[in-house]
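One structure is given here, and the rest of the page talks about it.
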Amino acid sequence: APGAGNPVKFWSYVFIPKDIDYNKKYPLIVLPHGGVHANFTTYHTHIIKELMYQQYIVVAADYRGSTGYGKDHYKKIDYGGLEIEDVDSSRKYMLDNYEFIDPERVGIVGWSHGGLISLMSIFKYPENYKVAFAGVPVSDLITRLGYMEKDYLELYSADYHIGQTVEENPEEYKRRSPVHNAYKLQTPLLIHTNTNDEDVNVIEVKALIDTLKSLNKEFEYEIFQDLPGGHSFDRQDTKLALSIRLKIYKFLAEYLHPPKAFNNIGEIRGIFFR
């Protein structure tokens with residue numbers, strides 16, 4: 001990732017479908033993982049399989065703050081800050097190095113903290129993304145830190161991170177929150193949230209939705225009522241979750257035109273039993 005003479009080295013997972021024609025152009029999905037400190041794991045295996053079937057190229061960055069790369073990378077965390085540059089540099093890396101990617105068909109997809117990254121990425125770089133999906137996205141850090149436990153708060157106020165609490169520097173937390181950057185929206189966007197989400201409370205996402213509405217922004221959203229799975233409601237292997245993922249894929253396909261878009265959940269089911 002580019003920096004002021006101090007580049008950050010990080011790793012990204014690159015997924016390329018086996019059955020593509022390298023003389024043609026394909027859409028790219030940028031897929032940042034969630035978790036305050038986490039990494040891209042097998043939790044995403046079925047999502048990758050579904051994207052590969054549709055013939056998307058995918059890049060998933062283990063941006064600064066990700067786990068599994070030692071203490072230094074962990075302590076570089078910059079939630080809602082420089083991680084946005086890392087994820088955007090993973091997009092740029094793909095366009096620079098794979099000539100079969102169509103630069104006009106790049107989307108960004110994320111859940112939870114990855115949802116925040118999706119939102120902040122399109123707010124900051126609207127010209128780089130054709131479409132975005134934000135699932136159960138962290139939307140307002142001030143509200144969030146008001147309902148989370150003390151040890152969670154300390155991940156942000158740590159001296160190697162923001163270095164101050166919300167009370168000490170509310171402006172810094174606002175700068176990193178989608179709800180306070182919503183006025184920048186220009187990109188087609190779909191937001192999903194679930195009323196019984198035990199991690200990202202629906203009040204956060206509703207605040208984002210209401211703010212976007214008050215700004216007369218065009219976007220799509222759905223607030224699901226008490227669906228099983230809570231925070232992971234649309235990432236499960238259930239008929240209901242599949243039908244919700246189909247909605248997400250149809251929304252993305254409108255703008256990215258993957259060669260093998262899904263038409264029904266039977267097609268999604270089919271790829272796991274071949």
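So you can find residues: chains in the structure tokens are A, B, ... in the order shown, residues in each start at 1, and ligands are numbered from 1 in order.
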
_Show me, as number ranges by chain, the residues that have an atom within 8 Å of range 86-103 of chain A when counting only C-alpha atoms, minus same-chain residues fewer than 4 positions from it._
A: 1-2, 12, 22-28, 30, 32, 57, 59-61, 63-64, 82, 121

Go ahead and save the picked residues with N, CA and C atoms, as a CSV table (one decimal), in the first residue's frame.
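Below is the file out33.csv, written as the result:
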chain,number,residue,atom,x,y,z
A,1,ALA,N,0.8,-1.2,0.0
A,1,ALA,CA,0.0,0.0,0.0
A,1,ALA,C,0.9,1.2,0.0
A,2,PRO,N,0.5,2.3,-0.8
A,2,PRO,CA,1.3,3.5,-0.8
A,2,PRO,C,1.3,4.2,0.5
A,12,SER,N,-2.8,-10.4,0.0
A,12,SER,CA,-4.2,-10.5,-0.5
A,12,SER,C,-4.4,-11.9,-1.1
A,22,TYR,N,-9.0,-16.1,-21.3
A,22,TYR,CA,-8.1,-15.0,-20.9
A,22,TYR,C,-8.1,-13.9,-22.0
A,23,ASN,N,-8.8,-14.1,-23.1
A,23,ASN,CA,-8.9,-13.1,-24.1
A,23,ASN,C,-10.1,-12.1,-23.9
A,24,LYS,N,-10.9,-12.5,-22.9
A,24,LYS,CA,-12.1,-11.7,-22.7
A,24,LYS,C,-11.9,-10.9,-21.4
A,25,LYS,N,-12.9,-10.0,-21.1
A,25,LYS,CA,-12.8,-9.1,-19.9
A,25,LYS,C,-13.8,-9.6,-18.9
A,26,TYR,N,-13.4,-9.6,-17.6
A,26,TYR,CA,-14.3,-10.1,-16.5
A,26,TYR,C,-14.4,-9.1,-15.4
A,27,PRO,N,-15.5,-9.1,-14.7
A,27,PRO,CA,-15.7,-8.2,-13.6
A,27,PRO,C,-14.9,-8.6,-12.4
A,28,LEU,N,-14.6,-7.6,-11.5
A,28,LEU,CA,-13.8,-7.8,-10.3
A,28,LEU,C,-14.6,-7.5,-9.1
A,30,VAL,N,-14.1,-6.8,-5.1
A,30,VAL,CA,-13.2,-6.5,-4.0
A,30,VAL,C,-13.9,-6.9,-2.7
A,32,PRO,N,-13.4,-7.2,1.2
A,32,PRO,CA,-12.7,-7.0,2.5
A,32,PRO,C,-13.3,-7.8,3.6
A,57,ILE,N,-13.7,-12.3,-10.9
A,57,ILE,CA,-12.4,-12.3,-10.3
A,57,ILE,C,-12.6,-11.7,-8.9
A,59,VAL,N,-10.6,-10.3,-5.2
A,59,VAL,CA,-9.4,-10.0,-4.4
A,59,VAL,C,-9.9,-9.7,-3.0
A,60,ALA,N,-9.2,-10.4,-2.0
A,60,ALA,CA,-9.5,-10.2,-0.6
A,60,ALA,C,-8.2,-9.8,0.1
A,61,ALA,N,-8.2,-8.6,0.6
A,61,ALA,CA,-7.0,-8.1,1.2
A,61,ALA,C,-6.9,-8.4,2.7
A,63,TYR,N,-5.7,-6.5,5.0
A,63,TYR,CA,-5.3,-5.1,5.2
A,63,TYR,C,-4.7,-4.9,6.6
A,64,ARG,N,-4.1,-3.8,6.8
A,64,ARG,CA,-3.4,-3.5,8.1
A,64,ARG,C,-4.3,-3.7,9.3
A,82,LEU,N,-6.6,4.2,7.2
A,82,LEU,CA,-5.7,3.8,6.1
A,82,LEU,C,-6.0,2.4,5.6
A,121,SER,N,-15.1,3.1,1.2
A,121,SER,CA,-14.4,3.0,-0.1
A,121,SER,C,-15.1,3.7,-1.2

*Polymer residues at most 9 Å from Leu185 in chain A, only C-alpha atoms, same-chain spacing of 4 or more positions, as a PyMOL selection string*: chain A and resi 119+122-124+126+181+189+212+217-219

Those residues you just picked out, can you put them in a file as an mmCIF file, in the first residue's frame with N, CA and C atoms?
data_model
loop_
_atom_site.group_PDB
_atom_site.id
_atom_site.type_symbol
_atom_site.label_atom_id
_atom_site.label_comp_id
_atom_site.auth_asym_id
_atom_site.auth_seq_id
_atom_site.Cartn_x
_atom_site.Cartn_y
_atom_site.Cartn_z
ATOM 1 N N LEU A 119 -18.471 0.784 2.358
ATOM 2 C CA LEU A 119 -19.087 2.114 2.362
ATOM 3 C C LEU A 119 -18.035 3.217 2.268
ATOM 4 N N ILE A 122 -16.461 3.519 -1.287
ATOM 5 C CA ILE A 122 -17.231 4.212 -2.334
ATOM 6 C C ILE A 122 -17.420 5.690 -2.004
ATOM 7 N N PHE A 123 -17.429 6.028 -0.705
ATOM 8 C CA PHE A 123 -17.538 7.448 -0.341
ATOM 9 C C PHE A 123 -16.261 8.188 -0.750
ATOM 10 N N LYS A 124 -15.121 7.530 -0.557
ATOM 11 C CA LYS A 124 -13.846 8.184 -0.845
ATOM 12 C C LYS A 124 -13.448 8.075 -2.315
ATOM 13 N N PRO A 126 -15.485 7.173 -5.361
ATOM 14 C CA PRO A 126 -16.668 6.793 -6.149
ATOM 15 C C PRO A 126 -16.329 6.414 -7.585
ATOM 16 N N ASN A 181 -20.141 10.247 6.694
ATOM 17 C CA ASN A 181 -19.578 10.422 5.347
ATOM 18 C C ASN A 181 -20.616 10.150 4.267
ATOM 19 N N LEU A 189 -25.839 1.340 -4.419
ATOM 20 C CA LEU A 189 -25.527 0.702 -3.137
ATOM 21 C C LEU A 189 -26.718 -0.091 -2.639
ATOM 22 N N LEU A 212 -28.988 8.721 4.785
ATOM 23 C CA LEU A 212 -28.965 8.692 3.314
ATOM 24 C C LEU A 212 -30.300 9.191 2.740
ATOM 25 N N LYS A 217 -30.384 10.623 -1.148
ATOM 26 C CA LYS A 217 -29.489 9.751 -1.911
ATOM 27 C C LYS A 217 -30.263 8.566 -2.462
ATOM 28 N N GLU A 218 -29.875 8.118 -3.643
ATOM 29 C CA GLU A 218 -30.487 6.920 -4.226
ATOM 30 C C GLU A 218 -29.714 5.702 -3.782
ATOM 31 N N PHE A 219 -30.416 4.748 -3.180
ATOM 32 C CA PHE A 219 -29.784 3.492 -2.757
ATOM 33 C C PHE A 219 -30.891 2.492 -2.471
#

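Closest to Glu127 in chain A among A:Phe40, A:Tyr160, A:Lys184, A:Leu153 is A:Lys184, based on only C-alpha atoms.
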
_I need the residues of range 77-174 of chain A that end up classed as alpha helix (DSSP H) by DSSP on the backbone, written out as a PyMOL selection string._
chain A and resi 83-97+113-124+141-147+150-157+170-174

Residues as selected, C-alpha atoms, written as a PDB file, in the first residue's frame, can you do that?
ATOM      1  CA  GLU A  83      -7.279   0.352   5.737  1.00  0.00           C
ATOM      2  CA  ILE A  84      -9.434   1.980   3.030  1.00  0.00           C
ATOM      3  CA  GLU A  85      -6.220   2.799   1.125  1.00  0.00           C
ATOM      4  CA  ASP A  86      -5.007  -0.788   1.547  1.00  0.00           C
ATOM      5  CA  VAL A  87      -8.212  -2.229   0.121  1.00  0.00           C
ATOM      6  CA  ASP A  88      -8.166   0.262  -2.752  1.00  0.00           C
ATOM      7  CA  SER A  89      -4.558  -0.617  -3.513  1.00  0.00           C
ATOM      8  CA  SER A  90      -5.620  -4.290  -3.752  1.00  0.00           C
ATOM      9  CA  ARG A  91      -8.145  -3.203  -6.407  1.00  0.00           C
ATOM     10  CA  LYS A  92      -5.451  -1.234  -8.228  1.00  0.00           C
ATOM     11  CA  TYR A  93      -3.014  -4.162  -8.028  1.00  0.00           C
ATOM     12  CA  MET A  94      -5.555  -6.386  -9.779  1.00  0.00           C
ATOM     13  CA  LEU A  95      -6.182  -3.885 -12.590  1.00  0.00           C
ATOM     14  CA  ASP A  96      -2.447  -3.297 -13.056  1.00  0.00           C
ATOM     15  CA  ASN A  97      -1.563  -6.988 -13.216  1.00  0.00           C
ATOM     16  CA  HIS A 113     -16.391  -4.236   9.447  1.00  0.00           C
ATOM     17  CA  GLY A 114     -16.029  -5.244   5.770  1.00  0.00           C
ATOM     18  CA  GLY A 115     -19.339  -3.461   5.210  1.00  0.00           C
ATOM     19  CA  LEU A 116     -17.885  -0.300   6.738  1.00  0.00           C
ATOM     20  CA  ILE A 117     -14.897  -0.648   4.398  1.00  0.00           C
ATOM     21  CA  SER A 118     -17.251  -1.065   1.404  1.00  0.00           C
ATOM     22  CA  LEU A 119     -19.087   2.114   2.362  1.00  0.00           C
ATOM     23  CA  MET A 120     -15.997   4.191   3.112  1.00  0.00           C
ATOM     24  CA  SER A 121     -14.383   2.988  -0.135  1.00  0.00           C
ATOM     25  CA  ILE A 122     -17.231   4.212  -2.334  1.00  0.00           C
ATOM     26  CA  PHE A 123     -17.538   7.448  -0.341  1.00  0.00           C
ATOM     27  CA  LYS A 124     -13.846   8.184  -0.845  1.00  0.00           C
ATOM     28  CA  LEU A 141     -18.664   4.179  15.804  1.00  0.00           C
ATOM     29  CA  ILE A 142     -19.934   6.595  18.443  1.00  0.00           C
ATOM     30  CA  THR A 143     -23.241   4.728  18.796  1.00  0.00           C
ATOM     31  CA  ARG A 144     -21.439   1.382  18.555  1.00  0.00           C
ATOM     32  CA  LEU A 145     -18.917   2.087  21.273  1.00  0.00           C
ATOM     33  CA  GLY A 146     -21.793   3.239  23.464  1.00  0.00           C
ATOM     34  CA  TYR A 147     -23.233  -0.284  23.609  1.00  0.00           C
ATOM     35  CA  LYS A 150     -14.959  -2.154  27.747  1.00  0.00           C
ATOM     36  CA  ASP A 151     -12.437  -4.564  26.155  1.00  0.00           C
ATOM     37  CA  TYR A 152     -13.939  -3.807  22.726  1.00  0.00           C
ATOM     38  CA  LEU A 153     -13.620  -0.051  23.299  1.00  0.00           C
ATOM     39  CA  GLU A 154      -9.962  -0.532  24.168  1.00  0.00           C
ATOM     40  CA  LEU A 155      -9.231  -1.944  20.707  1.00  0.00           C
ATOM     41  CA  TYR A 156      -9.888   1.588  19.390  1.00  0.00           C
ATOM     42  CA  SER A 157      -8.433   3.766  22.132  1.00  0.00           C
ATOM     43  CA  PRO A 170     -15.534  12.389  19.080  1.00  0.00           C
ATOM     44  CA  GLU A 171     -14.551  14.078  15.779  1.00  0.00           C
ATOM     45  CA  GLU A 172     -11.949  11.404  15.083  1.00  0.00           C
ATOM     46  CA  TYR A 173     -14.560   8.664  15.520  1.00  0.00           C
ATOM     47  CA  LYS A 174     -17.005  10.543  13.296  1.00  0.00           C
TER      48      LYS A 174
END

_Given only C-alpha atoms as the basis, pick out the residue of A:Lys71, A:His180, A:Lys239, A:His33 nearest to Ala134 in chain A._
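Result for the nearest residue to Ala134 in chain A: A:His33.
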
Range 205-208 of chain A surroundings by only C-alpha atoms, 10 Å radius, close-in-sequence under 4 positions cut, as an mmCIF file with N, CA, C and O atoms, in the first residue's frame:
data_model
loop_
_atom_site.group_PDB
_atom_site.id
_atom_site.type_symbol
_atom_site.label_atom_id
_atom_site.label_comp_id
_atom_site.auth_asym_id
_atom_site.auth_seq_id
_atom_site.Cartn_x
_atom_site.Cartn_y
_atom_site.Cartn_z
ATOM 1 N N ALA A 134 -23.204 -3.539 1.217
ATOM 2 C CA ALA A 134 -22.780 -3.468 2.616
ATOM 3 C C ALA A 134 -23.759 -4.276 3.454
ATOM 4 O O ALA A 134 -24.914 -3.875 3.624
ATOM 5 N N GLY A 135 -23.308 -5.418 3.951
ATOM 6 C CA GLY A 135 -24.137 -6.267 4.800
ATOM 7 C C GLY A 135 -23.852 -5.991 6.260
ATOM 8 O O GLY A 135 -22.688 -5.884 6.659
ATOM 9 N N VAL A 136 -24.885 -5.848 7.064
ATOM 10 C CA VAL A 136 -24.785 -5.547 8.499
ATOM 11 C C VAL A 136 -23.571 -4.654 8.806
ATOM 12 O O VAL A 136 -22.726 -4.987 9.640
ATOM 13 N N PRO A 137 -23.458 -3.505 8.115
ATOM 14 C CA PRO A 137 -22.216 -2.729 8.214
ATOM 15 C C PRO A 137 -22.110 -1.921 9.504
ATOM 16 O O PRO A 137 -23.078 -1.318 9.962
ATOM 17 N N VAL A 138 -20.923 -1.934 10.101
ATOM 18 C CA VAL A 138 -20.637 -0.983 11.181
ATOM 19 C C VAL A 138 -20.817 0.399 10.562
ATOM 20 O O VAL A 138 -20.208 0.719 9.545
ATOM 21 N N SER A 139 -21.699 1.220 11.139
ATOM 22 C CA SER A 139 -22.108 2.461 10.485
ATOM 23 C C SER A 139 -21.840 3.713 11.296
ATOM 24 O O SER A 139 -21.693 4.795 10.744
ATOM 25 N N ASP A 140 -21.786 3.553 12.626
ATOM 26 C CA ASP A 140 -21.615 4.725 13.483
ATOM 27 C C ASP A 140 -20.820 4.317 14.719
ATOM 28 O O ASP A 140 -21.354 3.717 15.648
ATOM 29 N N THR A 143 -22.121 5.540 18.292
ATOM 30 C CA THR A 143 -23.241 4.728 18.796
ATOM 31 C C THR A 143 -22.741 3.342 19.193
ATOM 32 O O THR A 143 -23.075 2.826 20.264
ATOM 33 N N SER A 177 -16.576 7.009 10.502
ATOM 34 C CA SER A 177 -17.905 6.381 10.505
ATOM 35 C C SER A 177 -18.680 6.682 9.227
ATOM 36 O O SER A 177 -18.817 7.847 8.848
ATOM 37 N N PRO A 178 -19.229 5.656 8.582
ATOM 38 C CA PRO A 178 -20.013 5.871 7.359
ATOM 39 C C PRO A 178 -21.135 6.889 7.511
ATOM 40 O O PRO A 178 -21.382 7.685 6.612
ATOM 41 N N VAL A 179 -21.829 6.899 8.658
ATOM 42 C CA VAL A 179 -22.981 7.791 8.818
ATOM 43 C C VAL A 179 -22.576 9.262 8.644
ATOM 44 O O VAL A 179 -23.356 10.076 8.138
ATOM 45 N N HIS A 180 -21.343 9.596 9.010
ATOM 46 C CA HIS A 180 -20.881 10.987 8.896
ATOM 47 C C HIS A 180 -20.213 11.281 7.546
ATOM 48 O O HIS A 180 -19.780 12.405 7.302
ATOM 49 N N ASN A 181 -20.141 10.247 6.694
ATOM 50 C CA ASN A 181 -19.578 10.422 5.347
ATOM 51 C C ASN A 181 -20.616 10.150 4.267
ATOM 52 O O ASN A 181 -20.317 10.189 3.081
ATOM 53 N N ALA A 182 -21.852 9.897 4.710
ATOM 54 C CA ALA A 182 -22.921 9.459 3.802
ATOM 55 C C ALA A 182 -23.225 10.477 2.700
ATOM 56 O O ALA A 182 -23.674 10.107 1.612
ATOM 57 N N ILE A 191 -27.860 -2.096 0.971
ATOM 58 C CA ILE A 191 -27.558 -2.308 2.386
ATOM 59 C C ILE A 191 -28.531 -3.338 2.958
ATOM 60 O O ILE A 191 -29.729 -3.247 2.720
ATOM 61 N N HIS A 192 -28.004 -4.305 3.704
ATOM 62 C CA HIS A 192 -28.840 -5.273 4.410
ATOM 63 C C HIS A 192 -28.555 -5.211 5.910
ATOM 64 O O HIS A 192 -27.394 -5.070 6.316
ATOM 65 N N THR A 193 -29.601 -5.323 6.717
ATOM 66 C CA THR A 193 -29.429 -5.435 8.164
ATOM 67 C C THR A 193 -30.522 -6.345 8.719
ATOM 68 O O THR A 193 -31.489 -6.657 8.029
ATOM 69 N N ASN A 194 -30.343 -6.789 9.961
ATOM 70 C CA ASN A 194 -31.247 -7.753 10.577
ATOM 71 C C ASN A 194 -31.563 -7.268 11.997
ATOM 72 O O ASN A 194 -30.650 -6.917 12.748
ATOM 73 N N THR A 195 -32.848 -7.235 12.361
ATOM 74 C CA THR A 195 -33.247 -6.613 13.636
ATOM 75 C C THR A 195 -32.707 -7.320 14.871
ATOM 76 O O THR A 195 -32.622 -6.710 15.928
ATOM 77 N N VAL A 200 -23.688 -6.046 15.235
ATOM 78 C CA VAL A 200 -23.929 -4.675 14.761
ATOM 79 C C VAL A 200 -25.419 -4.385 14.946
ATOM 80 O O VAL A 200 -26.251 -4.848 14.163
ATOM 81 N N ASN A 201 -25.738 -3.663 15.987
ATOM 82 C CA ASN A 201 -27.132 -3.374 16.323
ATOM 83 C C ASN A 201 -27.817 -2.642 15.175
ATOM 84 O O ASN A 201 -27.239 -1.752 14.547
ATOM 85 N N LEU A 212 -28.988 8.721 4.785
ATOM 86 C CA LEU A 212 -28.965 8.692 3.314
ATOM 87 C C LEU A 212 -30.300 9.191 2.740
ATOM 88 O O LEU A 212 -30.319 9.942 1.763
ATOM 89 N N LYS A 213 -31.388 8.784 3.387
ATOM 90 C CA LYS A 213 -32.717 9.251 2.936
ATOM 91 C C LYS A 213 -32.842 10.763 3.095
ATOM 92 O O LYS A 213 -33.341 11.445 2.198
ATOM 93 N N SER A 214 -32.388 11.282 4.236
ATOM 94 C CA SER A 214 -32.517 12.724 4.485
ATOM 95 C C SER A 214 -31.677 13.536 3.507
ATOM 96 O O SER A 214 -31.964 14.702 3.244
ATOM 97 N N TYR A 221 -32.157 -0.823 0.127
ATOM 98 C CA TYR A 221 -31.867 -1.434 1.424
ATOM 99 C C TYR A 221 -32.973 -2.386 1.804
ATOM 100 O O TYR A 221 -34.083 -2.344 1.269
ATOM 101 N N ILE A 223 -34.351 -4.195 5.641
ATOM 102 C CA ILE A 223 -34.206 -4.458 7.070
ATOM 103 C C ILE A 223 -34.964 -5.756 7.343
ATOM 104 O O ILE A 223 -36.196 -5.789 7.295
#

Using only C-alpha atoms, which residues sit within 10 Å of Glu50 in chain A once same-chain residues fewer than 3 positions away are excluded, as a short mmCIF file (atom, residue, chain, number, x, y, z; two decimals) with C-alpha atoms, in the first residue's frame?
data_model
loop_
_atom_site.label_atom_id
_atom_site.label_comp_id
_atom_site.auth_asym_id
_atom_site.auth_seq_id
_atom_site.Cartn_x
_atom_site.Cartn_y
_atom_site.Cartn_z
CA THR A 45 -15.42 -20.42 1.19
CA HIS A 46 -19.02 -20.74 0.01
CA ILE A 47 -19.17 -17.04 -0.97
CA TYR A 53 -19.30 -19.86 -10.60
CA GLN A 54 -20.54 -16.49 -11.87
CA GLN A 55 -17.03 -15.84 -13.27
CA TYR A 56 -16.08 -12.92 -11.08
CA ARG A 245 -27.69 -13.96 -1.31
CA LEU A 246 -29.48 -14.36 -4.63
CA TYR A 249 -26.01 -11.30 -6.59
CA ALA A 261 -25.27 -14.77 -13.33
CA PHE A 262 -27.51 -16.86 -11.07
CA GLU A 267 -28.35 -22.93 -9.46
CA ILE A 268 -26.53 -21.78 -6.32
CA ARG A 269 -27.29 -25.08 -4.56
CA ILE A 271 -22.51 -25.80 -7.46
CA PHE A 272 -21.99 -27.47 -4.08
#

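Distances here use only C-alpha atoms; by that measure, the residue among A:Pro259, A:Gly65, A:Gly229, A:Pro188 closest to Ile77 in chain A is A:Gly65.
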